[in-house]
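target.txt (compact mmCIF, C-alpha atoms) appears below.
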# COMPACT_ATOMS: atom_id res chain seq x y z
CA MET A 1 -13.40 11.65 -13.29
CA SER A 2 -14.04 10.56 -9.72
CA ARG A 3 -12.11 11.49 -6.56
CA TYR A 4 -8.37 12.15 -6.84
CA GLY A 5 -8.55 12.22 -10.64
CA LYS A 6 -9.49 8.56 -10.86
CA ARG A 7 -11.69 7.11 -13.58
CA ARG A 8 -15.32 6.68 -12.76
CA ASP A 9 -15.25 2.99 -13.62
CA LEU A 10 -13.07 2.07 -10.64
CA VAL A 11 -14.82 -0.22 -8.17
CA VAL A 12 -14.98 1.89 -5.00
CA HIS A 13 -15.09 -0.12 -1.76
CA GLU A 14 -14.88 2.83 0.60
CA GLN A 15 -14.96 6.61 0.19
CA GLU A 16 -13.08 7.52 3.40
CA PRO A 17 -10.49 6.26 3.58
CA PHE A 18 -10.57 5.98 -0.19
CA ASN A 19 -10.26 2.38 -1.39
CA ALA A 20 -10.87 1.46 -5.01
CA GLU A 21 -9.80 -1.23 -7.43
CA THR A 22 -9.11 -1.19 -11.14
CA GLY A 23 -11.59 -2.64 -13.59
CA LEU A 24 -10.35 -5.60 -15.60
CA ALA A 25 -10.89 -3.72 -18.86
CA ALA A 26 -8.43 -1.05 -17.70
CA LEU A 27 -5.88 -3.69 -16.66
CA ALA A 28 -6.20 -5.20 -20.14
CA GLU A 29 -5.38 -1.92 -21.89
CA GLY A 30 -1.65 -2.52 -21.72
CA ALA A 31 1.24 -3.90 -19.72
CA LEU A 32 1.52 -0.58 -17.85
CA THR A 33 -1.51 0.44 -15.81
CA ALA A 34 -2.69 4.00 -16.41
CA THR A 35 -2.20 6.18 -13.33
CA ASP A 36 -5.83 7.32 -13.35
CA ALA A 37 -6.92 3.67 -13.25
CA PHE A 38 -4.37 2.39 -10.70
CA TYR A 39 -5.87 0.87 -7.57
CA VAL A 40 -5.83 2.72 -4.25
CA ARG A 41 -5.52 1.09 -0.82
CA GLY A 42 -5.59 3.36 2.22
CA HIS A 43 -6.13 2.99 5.96
CA ALA A 44 -6.69 6.68 6.73
CA ALA A 45 -7.59 9.95 5.09
CA VAL A 46 -5.04 11.21 2.58
CA PRO A 47 -2.78 13.51 4.61
CA GLU A 48 -2.16 17.14 3.73
CA ILE A 49 1.57 17.68 3.25
CA ASP A 50 3.45 20.83 2.24
CA PRO A 51 6.20 19.52 -0.09
CA ALA A 52 8.36 22.58 0.58
CA ALA A 53 8.35 21.98 4.34
CA TRP A 54 8.46 18.18 4.13
CA ARG A 55 11.56 16.38 5.39
CA LEU A 56 12.62 12.72 5.42
CA HIS A 57 14.18 11.71 8.74
CA VAL A 58 16.57 8.72 8.71
CA HIS A 59 17.61 7.39 12.12
CA GLY A 60 18.13 4.27 14.21
CA ILE A 61 21.18 2.01 14.13
CA VAL A 62 23.15 4.32 11.84
CA GLU A 63 26.42 6.19 11.90
CA ARG A 64 24.70 9.50 11.13
CA GLU A 65 21.09 10.66 11.20
CA LEU A 66 19.75 12.45 8.14
CA ASP A 67 17.08 15.07 7.51
CA LEU A 68 16.56 15.37 3.78
CA SER A 69 14.36 17.69 1.76
CA LEU A 70 12.92 16.65 -1.59
CA THR A 71 15.35 19.04 -3.29
CA THR A 72 18.30 17.44 -1.51
CA LEU A 73 17.15 13.96 -2.52
CA ARG A 74 16.91 15.07 -6.14
CA GLU A 75 20.30 16.81 -6.17
CA ALA A 76 22.43 14.54 -3.98
CA PHE A 77 21.51 11.13 -5.38
CA ARG A 78 21.33 9.59 -8.84
CA GLU A 79 17.79 9.22 -10.14
CA ARG A 80 16.71 5.67 -10.84
CA GLU A 81 13.71 4.03 -12.46
CA VAL A 82 12.04 0.66 -12.02
CA THR A 83 8.94 -0.89 -13.56
CA ALA A 84 7.21 -2.86 -10.85
CA THR A 85 3.89 -4.51 -10.12
CA LEU A 86 2.21 -3.67 -6.83
CA GLN A 87 -0.44 -6.01 -5.49
CA CYS A 88 -2.54 -5.67 -2.37
CA ALA A 89 -2.44 -8.67 -0.04
CA GLY A 90 -6.25 -8.68 -0.17
CA ASN A 91 -6.43 -8.94 -3.95
CA ARG A 92 -9.12 -11.47 -4.98
CA ARG A 93 -10.46 -11.64 -1.41
CA ALA A 94 -14.01 -11.83 -2.80
CA GLY A 95 -13.31 -15.41 -3.83
CA LEU A 96 -12.57 -16.33 -0.21
CA VAL A 97 -15.57 -14.37 1.08
CA ALA A 98 -17.72 -16.54 -1.20
CA ILE A 99 -16.53 -19.58 0.77
CA ARG A 100 -17.06 -18.07 4.20
CA ASP A 101 -17.71 -14.53 5.40
CA ILE A 102 -14.76 -12.38 6.47
CA PRO A 103 -16.27 -9.63 8.65
CA GLY A 104 -14.71 -6.19 8.57
CA GLU A 105 -12.72 -6.75 5.39
CA ALA A 106 -13.52 -5.19 2.00
CA PRO A 107 -14.44 -7.80 -0.63
CA TRP A 108 -11.67 -6.86 -3.05
CA GLY A 109 -12.03 -8.43 -6.45
CA PRO A 110 -9.16 -9.05 -8.89
CA GLY A 111 -8.31 -5.38 -9.50
CA ALA A 112 -6.19 -4.57 -6.44
CA THR A 113 -3.07 -4.80 -8.58
CA GLY A 114 -1.28 -2.77 -11.20
CA THR A 115 2.06 -2.10 -12.85
CA ALA A 116 3.76 1.29 -13.19
CA THR A 117 7.15 2.78 -13.92
CA TRP A 118 8.40 4.46 -10.76
CA SER A 119 11.13 7.10 -10.56
CA GLY A 120 13.14 8.36 -7.60
CA VAL A 121 16.31 7.43 -5.72
CA ALA A 122 17.50 4.07 -4.48
CA LEU A 123 16.74 3.55 -0.80
CA GLY A 124 20.11 1.80 -0.62
CA ASP A 125 21.92 4.99 -1.66
CA VAL A 126 20.27 6.91 1.17
CA LEU A 127 21.05 4.14 3.65
CA ALA A 128 24.68 4.10 2.52
CA LEU A 129 24.95 7.79 3.41
CA ALA A 130 23.44 7.13 6.85
CA GLY A 131 25.80 4.21 7.40
CA PRO A 132 24.06 1.20 9.04
CA LEU A 133 26.01 -0.06 12.07
CA ASP A 134 26.58 -3.54 13.47
CA GLY A 135 23.27 -5.04 14.59
CA ALA A 136 21.23 -3.41 11.83
CA ALA A 137 18.99 -6.01 10.18
CA HIS A 138 15.71 -4.32 9.19
CA VAL A 139 14.52 -1.01 7.77
CA GLY A 140 11.22 0.43 8.97
CA PHE A 141 9.03 3.05 7.31
CA ASP A 142 6.52 5.49 8.79
CA GLY A 143 4.00 7.36 6.67
CA ALA A 144 2.15 10.58 7.47
CA ASP A 145 -1.29 8.93 7.47
CA LEU A 146 -2.67 8.52 11.00
CA CYS A 147 -4.83 5.39 10.99
CA PRO A 148 -7.73 5.25 13.48
CA GLU A 149 -8.31 1.51 12.94
CA ALA A 150 -5.02 0.72 14.68
CA MET A 151 -5.13 0.18 18.41
CA PRO A 152 -3.89 2.63 19.54
CA ALA A 153 -4.21 4.94 16.52
CA GLN A 154 -0.87 5.19 14.74
CA ARG A 155 0.75 6.06 11.47
CA PHE A 156 0.84 3.42 8.78
CA GLY A 157 4.17 1.64 8.54
CA GLY A 158 6.12 -1.54 8.14
CA SER A 159 9.61 -2.89 7.57
CA ILE A 160 11.67 -5.00 5.22
CA PRO A 161 14.98 -6.80 5.75
CA LEU A 162 18.07 -4.62 5.40
CA ASP A 163 19.50 -6.76 2.61
CA LYS A 164 16.36 -6.18 0.52
CA ALA A 165 16.35 -2.47 1.38
CA CYS A 166 19.86 -2.11 -0.02
CA ARG A 167 18.94 -3.68 -3.36
CA PRO A 168 18.90 -1.19 -6.28
CA GLU A 169 15.27 -1.93 -7.21
CA VAL A 170 13.87 -0.56 -3.92
CA LEU A 171 13.07 3.10 -4.52
CA LEU A 172 12.06 6.23 -2.71
CA ALA A 173 9.77 7.34 -5.51
CA TRP A 174 8.52 10.80 -6.44
CA ALA A 175 7.18 9.98 -9.92
CA MET A 176 4.81 7.44 -11.43
CA ASN A 177 4.54 6.69 -15.15
CA GLY A 178 6.65 9.72 -15.99
CA GLU A 179 4.55 12.23 -14.05
CA PRO A 180 4.83 13.61 -10.51
CA LEU A 181 3.54 11.13 -7.95
CA PRO A 182 -0.16 11.84 -7.31
CA LEU A 183 -1.14 12.73 -3.76
CA VAL A 184 -3.40 9.69 -3.42
CA HIS A 185 -0.43 7.46 -4.30
CA GLY A 186 1.86 8.89 -1.65
CA ALA A 187 3.27 12.26 -2.74
CA PRO A 188 5.67 13.77 -2.11
CA LEU A 189 7.57 10.51 -1.53
CA ARG A 190 6.74 6.85 -1.13
CA VAL A 191 8.61 3.57 -0.87
CA VAL A 192 8.36 1.07 -3.72
CA VAL A 193 9.42 -2.45 -2.71
CA PRO A 194 9.24 -4.66 -5.82
CA GLY A 195 8.23 -8.26 -5.24
CA TYR A 196 6.65 -7.57 -1.83
CA VAL A 197 2.99 -7.10 -0.90
CA GLY A 198 1.77 -3.55 -1.45
CA ALA A 199 1.59 -2.86 2.29
CA ARG A 200 5.39 -2.64 2.44
CA SER A 201 5.46 0.14 -0.16
CA VAL A 202 4.59 2.79 2.42
CA LYS A 203 3.12 6.05 1.12
CA TRP A 204 3.60 9.64 2.35
CA LEU A 205 6.95 8.57 3.76
CA GLU A 206 8.33 10.71 6.59
CA ARG A 207 10.61 8.48 8.63
CA ILE A 208 13.06 5.64 7.98
CA GLU A 209 14.39 3.70 10.93
CA VAL A 210 17.25 1.22 10.68
CA ARG A 211 16.42 -1.46 13.25
CA ALA A 212 17.62 -4.69 14.79
CA GLN A 213 14.14 -6.27 14.72
CA PRO A 214 11.15 -6.13 12.34
CA TRP A 215 8.73 -3.24 12.80
CA GLN A 216 6.36 -3.92 15.69
CA GLY A 217 3.55 -1.59 14.68
CA TYR A 218 -0.06 -2.60 14.14
CA PHE A 219 0.20 -3.05 10.37
CA GLN A 220 2.91 -5.67 10.57
CA HIS A 221 2.56 -7.20 14.03
CA VAL A 222 -1.25 -7.52 14.03
CA VAL A 223 -2.59 -7.21 10.48
CA TYR A 224 -1.01 -8.12 7.16
CA ARG A 225 -0.30 -11.52 8.63
CA LEU A 226 -1.41 -14.90 7.31
CA VAL A 227 -3.39 -16.46 10.17
CA PRO A 228 -4.34 -20.17 10.25
CA GLU A 229 -7.98 -20.90 9.51
CA ASP A 230 -8.77 -21.94 13.08
CA GLU A 231 -7.01 -19.05 14.87
CA THR A 232 -8.07 -15.49 15.73
CA PRO A 233 -5.99 -12.57 14.39
CA GLY A 234 -3.96 -10.82 17.10
CA PRO A 235 -0.49 -9.52 17.92
CA GLY A 236 2.12 -11.88 16.56
CA VAL A 237 -0.42 -14.50 15.40
CA GLY A 238 0.43 -16.16 12.12
CA MET A 239 3.21 -15.09 9.79
CA PRO A 240 3.91 -11.58 8.49
CA LEU A 241 3.30 -11.14 4.78
CA GLY A 242 6.29 -10.28 2.65
CA LEU A 243 6.89 -11.71 -0.79
CA VAL A 244 3.94 -11.75 -3.18
CA ALA A 245 2.64 -15.21 -4.03
CA LEU A 246 2.46 -16.43 -7.64
CA ASN A 247 -0.81 -15.21 -9.11
CA SER A 248 -2.63 -14.71 -12.40
CA ASP A 249 -5.98 -13.68 -13.78
CA VAL A 250 -8.11 -13.53 -16.91
CA LEU A 251 -8.60 -9.94 -18.10
CA SER A 252 -10.76 -10.69 -21.13
CA PRO A 253 -13.31 -11.97 -21.88
CA ALA A 254 -15.18 -11.12 -18.71
CA ASP A 255 -16.78 -13.73 -16.50
CA ARG A 256 -20.29 -14.63 -17.72
CA GLU A 257 -19.70 -12.78 -21.00
CA ALA A 258 -21.34 -13.95 -24.21
CA VAL A 259 -18.84 -14.42 -27.03
CA THR A 260 -19.11 -15.47 -30.65
CA ALA A 261 -18.46 -19.18 -31.14
CA GLY A 262 -15.27 -20.05 -32.98
CA PRO A 263 -11.83 -18.57 -32.34
CA VAL A 264 -11.82 -16.45 -29.15
CA GLU A 265 -8.81 -14.55 -27.83
CA VAL A 266 -8.26 -14.90 -24.08
CA ARG A 267 -5.93 -12.39 -22.39
CA GLY A 268 -4.64 -12.00 -18.86
CA TYR A 269 -1.63 -11.43 -16.62
CA ALA A 270 0.66 -13.53 -14.43
CA PHE A 271 2.95 -12.28 -11.66
CA ALA A 272 5.50 -14.35 -9.78
CA GLY A 273 6.56 -11.96 -6.99
CA GLY A 274 9.69 -12.19 -4.88
CA GLU A 275 12.83 -13.10 -6.80
CA ARG A 276 10.94 -15.41 -9.16
CA HIS A 277 9.74 -14.79 -12.71
CA VAL A 278 6.82 -16.12 -14.73
CA ALA A 279 7.97 -19.13 -16.74
CA ARG A 280 4.73 -20.34 -18.34
CA VAL A 281 0.97 -19.83 -18.42
CA ASP A 282 -1.44 -22.65 -19.32
CA VAL A 283 -5.09 -22.25 -20.28
CA SER A 284 -7.86 -24.85 -20.24
CA VAL A 285 -11.26 -24.45 -21.90
CA ASP A 286 -12.69 -27.67 -20.52
CA GLY A 287 -12.39 -27.07 -16.78
CA GLY A 288 -8.87 -28.49 -16.49
CA ALA A 289 -9.20 -31.71 -18.47
CA SER A 290 -6.62 -30.48 -21.01
CA TRP A 291 -4.27 -27.49 -21.24
CA SER A 292 -2.67 -25.29 -23.89
CA GLN A 293 0.26 -22.95 -23.43
CA ALA A 294 -0.36 -19.21 -23.76
CA GLU A 295 1.98 -16.69 -25.38
CA LEU A 296 3.83 -14.46 -22.93
CA LEU A 297 3.79 -10.83 -24.08
CA ALA A 298 6.12 -7.87 -23.38
CA ASP A 299 8.77 -8.45 -20.71
CA LEU A 300 8.96 -5.29 -18.59
CA GLY A 301 11.70 -6.64 -16.35
CA ARG A 302 12.07 -8.96 -13.39
CA TRP A 303 9.79 -6.92 -11.08
CA ALA A 304 6.74 -6.68 -13.36
CA TRP A 305 3.95 -9.00 -14.37
CA ARG A 306 3.69 -10.62 -17.80
CA HIS A 307 0.59 -10.17 -19.88
CA TRP A 308 -0.33 -13.23 -21.93
CA ARG A 309 -2.76 -14.25 -24.66
CA ILE A 310 -4.06 -17.33 -26.39
CA THR A 311 -6.68 -17.99 -29.07
CA VAL A 312 -8.99 -20.86 -28.22
CA GLU A 313 -11.71 -22.55 -30.24
CA LEU A 314 -15.12 -22.50 -28.55
CA ALA A 315 -18.08 -24.47 -29.82
CA PRO A 316 -21.56 -23.04 -29.14
CA GLY A 317 -22.51 -23.53 -25.51
CA GLU A 318 -21.19 -22.97 -22.00
CA HIS A 319 -17.46 -23.14 -21.28
CA GLU A 320 -15.25 -22.85 -18.21
CA ILE A 321 -11.87 -21.25 -18.86
CA LEU A 322 -9.21 -22.05 -16.28
CA VAL A 323 -5.68 -20.63 -15.96
CA ARG A 324 -2.54 -21.78 -14.16
CA ALA A 325 0.74 -19.87 -14.08
CA TRP A 326 4.14 -21.44 -13.40
CA ASP A 327 7.14 -19.58 -12.00
CA SER A 328 10.90 -20.08 -12.28
CA SER A 329 10.94 -22.31 -9.19
CA ALA A 330 8.56 -24.73 -10.98
CA ALA A 331 5.73 -23.76 -8.61
CA THR A 332 2.18 -23.38 -9.86
CA GLN A 333 -1.04 -22.03 -8.39
CA PRO A 334 -3.33 -23.97 -6.03
CA GLU A 335 -6.18 -25.72 -7.81
CA ASP A 336 -9.01 -23.97 -5.97
CA GLU A 337 -9.82 -21.52 -3.19
CA ALA A 338 -11.30 -23.98 -0.71
CA GLY A 339 -7.99 -24.64 1.06
CA LEU A 340 -6.86 -21.00 1.05
CA TRP A 341 -9.51 -19.41 3.30
CA ASN A 342 -8.06 -17.48 6.23
CA PRO A 343 -9.58 -15.01 8.73
CA LYS A 344 -8.17 -11.91 6.99
CA GLY A 345 -8.76 -13.04 3.41
CA TYR A 346 -5.18 -12.66 2.23
CA VAL A 347 -3.17 -14.39 -0.50
CA ASN A 348 -5.90 -15.79 -2.72
CA ASN A 349 -3.75 -17.09 -5.54
CA ALA A 350 -5.94 -19.99 -6.63
CA ARG A 351 -6.19 -20.70 -10.33
CA PRO A 352 -8.64 -18.18 -11.79
CA ARG A 353 -11.61 -19.45 -13.71
CA ILE A 354 -14.33 -17.76 -15.72
CA ARG A 355 -17.43 -19.00 -17.48
CA VAL A 356 -18.45 -17.80 -20.91
CA ARG A 357 -21.30 -18.60 -23.25
CA ALA A 358 -20.37 -19.06 -26.90
CA ILE A 359 -23.13 -18.10 -29.31
CA ALA A 360 -23.36 -19.37 -32.89
CA THR A 361 -23.64 -16.67 -35.54
Rewrite the coordinates I just gave you, this time as structure tokens.
Amino acid sequence: MSRYGKRRDLVVHEQEPFNAETGLAALAEGALTATDAFYVRGHAAVPEIDPAAWRLHVHGIVERELDLSLTTLREAFREREVTATLQCAGNRRAGLVAIRDIPGEAPWGPGATGTATWSGVALGDVLALAGPLDGAAHVGFDGADLCPEAMPAQRFGGSIPLDKACRPEVLLAWAMNGEPLPLVHGAPLRVVVPGYVGARSVKWLERIEVRAQPWQGYFQHVVYRLVPEDETPGPGVGMPLGLVALNSDVLSPADREAVTAGPVEVRGYAFAGGERHVARVDVSVDGGASWSQAELLADLGRWAWRHWRITVELAPGEHEILVRAWDSSAATQPEDEAGLWNPKGYVNNARPRIRVRAIAT
């Protein structure tokens, strides 16, 4: 095991703060991602928190402020569970870096994503007790992690619209895959915002603020924004990231892998994000000249990805395998990465492609 009980085969981009992505083989193990293989994205050192002394402060445009212990949360509210995919906004950034350098940003590959079953209480139940007042429109979150990259240094945070915050799928989670939430994933309590970029699922949660305007902190007003190709990132530049874009990937075989000619099983995932669901996945073995429809596997609910598989026939030689997912709005993925480059390397949801060499037996 590596740091924080993680598998040694994670791709570590940074030791402090710890940033590591899941290997594709681990993502292919099943529809749920094992906790010890789940990706980690952090902007500061993992904070030391005494769960017994910890309190959640709820304030802002509310009828009553709240200070809640973990015990109170467990006893006063009904426990809920949701299976949800989290995906970092920088997932697959390496493909954009290959087009043009993106200084200061980790070259995340395709493993900054994963699906888990989260347990806790509905954020909406807590907000109902606080009683949002007229003028309330957004809900902000502050974690305990003090991030030196922010200017000035500040705790990691962000906000989501109040109507999303009151939806039953948005959790204040204390468990992950049936076990207590690991420290590296935000214990004692984190937010889980299904359908949104991972940055909105704030870890080590300490403060909830009901607001009239979106959160103005560094991690929503400066970074985690989609900036036009010809502009420089800065306060308010571009658009804040929210809903996850439709995406997919090939989990096996691996890129550049040698396979036995003949029938070859290709497996992967597709994730629609937002309120959409995956409707179809197509696979091409001739670089996009023709397509075949893959089989969608277990449906874990509207907030989780769908794994898929298809058996293709490969003659001896080199082959390019290309994938395109479709969602319930009839949208599909962009054809290539060339038109997606942006100065922060976010939202690479181009059609994934791998190359394999089929060998005759």
Nearest to Lys344 of chain A among A:Asp50, A:Glu29, A:Glu105, A:Asp36, with distances taken over all atoms listed in the file: which residue is it? A:Glu105
Cut-off 12 Å: closest segment 82-106 of chain A/segment 183-200 of chain A atom pairs per residue, using all atoms listed in the file, as JSON lines:
{"residue": "A:Val82", "atom": "CA", "partner": "A:Pro194", "partner_atom": "CA", "distance": 8.6}
{"residue": "A:Thr83", "atom": "CA", "partner": "A:Pro194", "partner_atom": "CA", "distance": 8.6}
{"residue": "A:Ala84", "atom": "CA", "partner": "A:Pro194", "partner_atom": "CA", "distance": 5.7}
{"residue": "A:Thr85", "atom": "CA", "partner": "A:Pro194", "partner_atom": "CA", "distance": 6.9}
{"residue": "A:Leu86", "atom": "CA", "partner": "A:Gly198", "partner_atom": "CA", "distance": 5.4}
{"residue": "A:Gln87", "atom": "CA", "partner": "A:Gly198", "partner_atom": "CA", "distance": 5.2}
{"residue": "A:Cys88", "atom": "CA", "partner": "A:Gly198", "partner_atom": "CA", "distance": 4.9}
{"residue": "A:Ala89", "atom": "CA", "partner": "A:Val197", "partner_atom": "CA", "distance": 5.7}
{"residue": "A:Gly90", "atom": "CA", "partner": "A:Val197", "partner_atom": "CA", "distance": 9.4}
{"residue": "A:Asn91", "atom": "CA", "partner": "A:Val197", "partner_atom": "CA", "distance": 10.1}
Among A:Gln154, A:Thr117, A:Thr361, A:Thr71, Val259 of chain A is approached most closely, using all atoms listed in the file, by A:Thr361
I'd like the neighbourhood of Leu10 of chain A as a list of chain:residue names, where a residue qualifies if any of its atoms comes within 10 Å (using all atoms listed in the file), though same-chain residues fewer than 6 positions away should be ignored. A:Met1, A:Ser2, A:Asn19, A:Ala20, A:Glu21, A:Thr22, A:Gly23, A:Leu24, A:Ala26, A:Asp36, A:Ala37, A:Phe38, A:Tyr39, A:Val40, A:Gly111
For Ala76 of chain A, which residue among A:His59, A:Val97, A:Val121, A:Asp282 is the nearest when counting all atoms listed in the file? A:Val121
Considering all atoms listed in the file, can you say which of A:Ala272, A:Leu314, A:Val139, A:Ala294 comes closest to Ala330 of chain A?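 Closest to Ala330 of chain A, using all atoms listed in the file: A:Ala272.
Ranking A:Thr35, A:Ser69, A:Asn342, A:Asn349 by their shortest atom-to-atom distance to Glu229 of chain A, with all atoms listed in the file included, puts A:Asn342 first.
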Considering only C-alpha atoms, can you say which of A:Gly109, A:Pro352, A:Gly158, A:Gly143 comes closest to Pro47 of chain A? A:Gly143
If I take atom CA of Pro152 of chain A and atom CA of Ser201 of chain A, how far is one from the other in Å, to one decimal?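 So the two atoms, atom CA of Pro152 of chain A and atom CA of Ser201 of chain A, lie 21.9 Å apart.
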Near segment 212-216 of chain A, within 10 Å and counting only C-alpha atoms, which residues show up once chain neighbours fewer than 4 positions away are dropped, as a PyMOL selection string? chain A and resi 60-61+133-142+157-162+220-222+235-236+240
Residue contacts of Ala98 of chain A (10 Å, all atoms listed in the file) excluding same-chain residues fewer than 3 positions away, as an mmCIF file with C-alpha atoms, keeping the file's coordinate frame:
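Saved file out-v2.cif follows:
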data_model
loop_
_atom_site.group_PDB
_atom_site.id
_atom_site.type_symbol
_atom_site.label_atom_id
_atom_site.label_comp_id
_atom_site.auth_asym_id
_atom_site.auth_seq_id
_atom_site.Cartn_x
_atom_site.Cartn_y
_atom_site.Cartn_z
ATOM 1 C CA ARG A 93 -10.460 -11.640 -1.410
ATOM 2 C CA ALA A 94 -14.010 -11.830 -2.800
ATOM 3 C CA GLY A 95 -13.310 -15.410 -3.830
ATOM 4 C CA ASP A 101 -17.710 -14.530 5.400
ATOM 5 C CA ILE A 102 -14.760 -12.380 6.470
ATOM 6 C CA PRO A 107 -14.440 -7.800 -0.630
ATOM 7 C CA GLU A 337 -9.820 -21.520 -3.190
ATOM 8 C CA ALA A 338 -11.300 -23.980 -0.710
ATOM 9 C CA TRP A 341 -9.510 -19.410 3.300
#
Between atom CA of Glu320 of chain A and atom CA of Ala358 of chain A, what distance in Å does the model show, to one decimal?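 Rounded to one decimal, the two atoms are 10.8 Å apart.
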Write out as a short mmCIF file (atom, residue, chain, number, x, y, z; two decimals) with C-alpha atoms, in the coordinates of the input each polymer residue whose atoms come within 9 Å of Leu226 of chain A, counting only C-alpha atoms; drop sequence neighbours fewer than 2 positions from it.
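Saved to part-v4.cif:
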data_model
loop_
_atom_site.label_atom_id
_atom_site.label_comp_id
_atom_site.auth_asym_id
_atom_site.auth_seq_id
_atom_site.Cartn_x
_atom_site.Cartn_y
_atom_site.Cartn_z
CA VAL A 223 -2.59 -7.21 10.48
CA TYR A 224 -1.01 -8.12 7.16
CA PRO A 228 -4.34 -20.17 10.25
CA PRO A 233 -5.99 -12.57 14.39
CA VAL A 237 -0.42 -14.50 15.40
CA GLY A 238 0.43 -16.16 12.12
CA MET A 239 3.21 -15.09 9.79
CA PRO A 240 3.91 -11.58 8.49
CA LEU A 241 3.30 -11.14 4.78
CA ASN A 342 -8.06 -17.48 6.23
CA PRO A 343 -9.58 -15.01 8.73
CA LYS A 344 -8.17 -11.91 6.99
CA GLY A 345 -8.76 -13.04 3.41
CA TYR A 346 -5.18 -12.66 2.23
CA VAL A 347 -3.17 -14.39 -0.50
#
Neighbour residues at most 12 Å from (18.1, -13.4, -8.1) (all atoms listed in the file) as a ChimeraX atom specification: /A:164,167,169,195,273-277,302-303,328-329
Write the selection just made, keeping C-alpha atoms, as a compact mmCIF listing (two decimals), keeping the file's coordinate frame?
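Full text of again39.txt as output:
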# COMPACT_ATOMS: atom_id res chain seq x y z
CA LYS A 164 16.36 -6.18 0.52
CA ARG A 167 18.94 -3.68 -3.36
CA GLU A 169 15.27 -1.93 -7.21
CA GLY A 195 8.23 -8.26 -5.24
CA GLY A 273 6.56 -11.96 -6.99
CA GLY A 274 9.69 -12.19 -4.88
CA GLU A 275 12.83 -13.10 -6.80
CA ARG A 276 10.94 -15.41 -9.16
CA HIS A 277 9.74 -14.79 -12.71
CA ARG A 302 12.07 -8.96 -13.39
CA TRP A 303 9.79 -6.92 -11.08
CA SER A 328 10.90 -20.08 -12.28
CA SER A 329 10.94 -22.31 -9.19
His307 of chain A environment, 9 Å, all atoms listed in the file, sequence neighbours closer than 3 positions dropped, as a PyMOL selection string: chain A and resi 28+30-31+267-271+295-299
